[in-house]
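A.B. asks: This is the structure I want to talk about, given as structure tokens.
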Amino acid sequence: MKLVEKAEWPLIGMTLEEAADALRVDRKTIFKAIQDGGLPARKVGVGWRIDPDAVKVWLASGNAKVEATEE
């Protein structure tokens with residue numbers, strides 16, 4: 001019997017932290033954008049997954065305006 005190599009799973013979405021790192025913002029900013037309905041995301045288990053292409057569309061739409069809060 002021939003052994004089949006384990007197929008690698010494709011990246012199915014970015015976490016809040018990964019999206020925040022990519023955009024150089026706080027993860028709270030990404031979460032607020034999701035809550036406001038501007039950035040589409042899916043809840044998977046206890047975390048969120050954000051399609052990298054959705055981030056690009058969100059940025060290009062001009063709706064990527066989330067008010068920053070100073071702490």
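Ligands are numbered from 1 in the order shown, residues from 1 within each chain, and chains are lettered A, B, ... in the order they appear in the structure tokens.
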Write out as an NGL selection string the residues lying within 6 Å of range 11-22 of chain A, counting only C-alpha atoms and excluding same-chain residues fewer than 5 positions away.

C.D. replies: :A and (27 or 48-51)

A.B. asks: Calculate how many Å separate CA of Val25 in chain A from CA of Val44 in chain A, rounding to one decimal.

C.D. replies: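 So the two atoms, CA of Val25 in chain A and CA of Val44 in chain A, lie 22.0 Å apart.
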
A.B. asks: If we count only C-alpha atoms, what is near Leu59 in chain A at a cut-off of 12 Å, once residues fewer than 4 positions away on the same chain are taken out, given as an MDAnalysis selection string?

C.D. replies: chainID A and resid 23 33 38:40 52:55 63:66

A.B. asks: Would you mind reading off the distance between CA of Ala60 in chain A and CA of Lys43 in chain A, one decimal, in Å?

C.D. replies: 23.4 Å
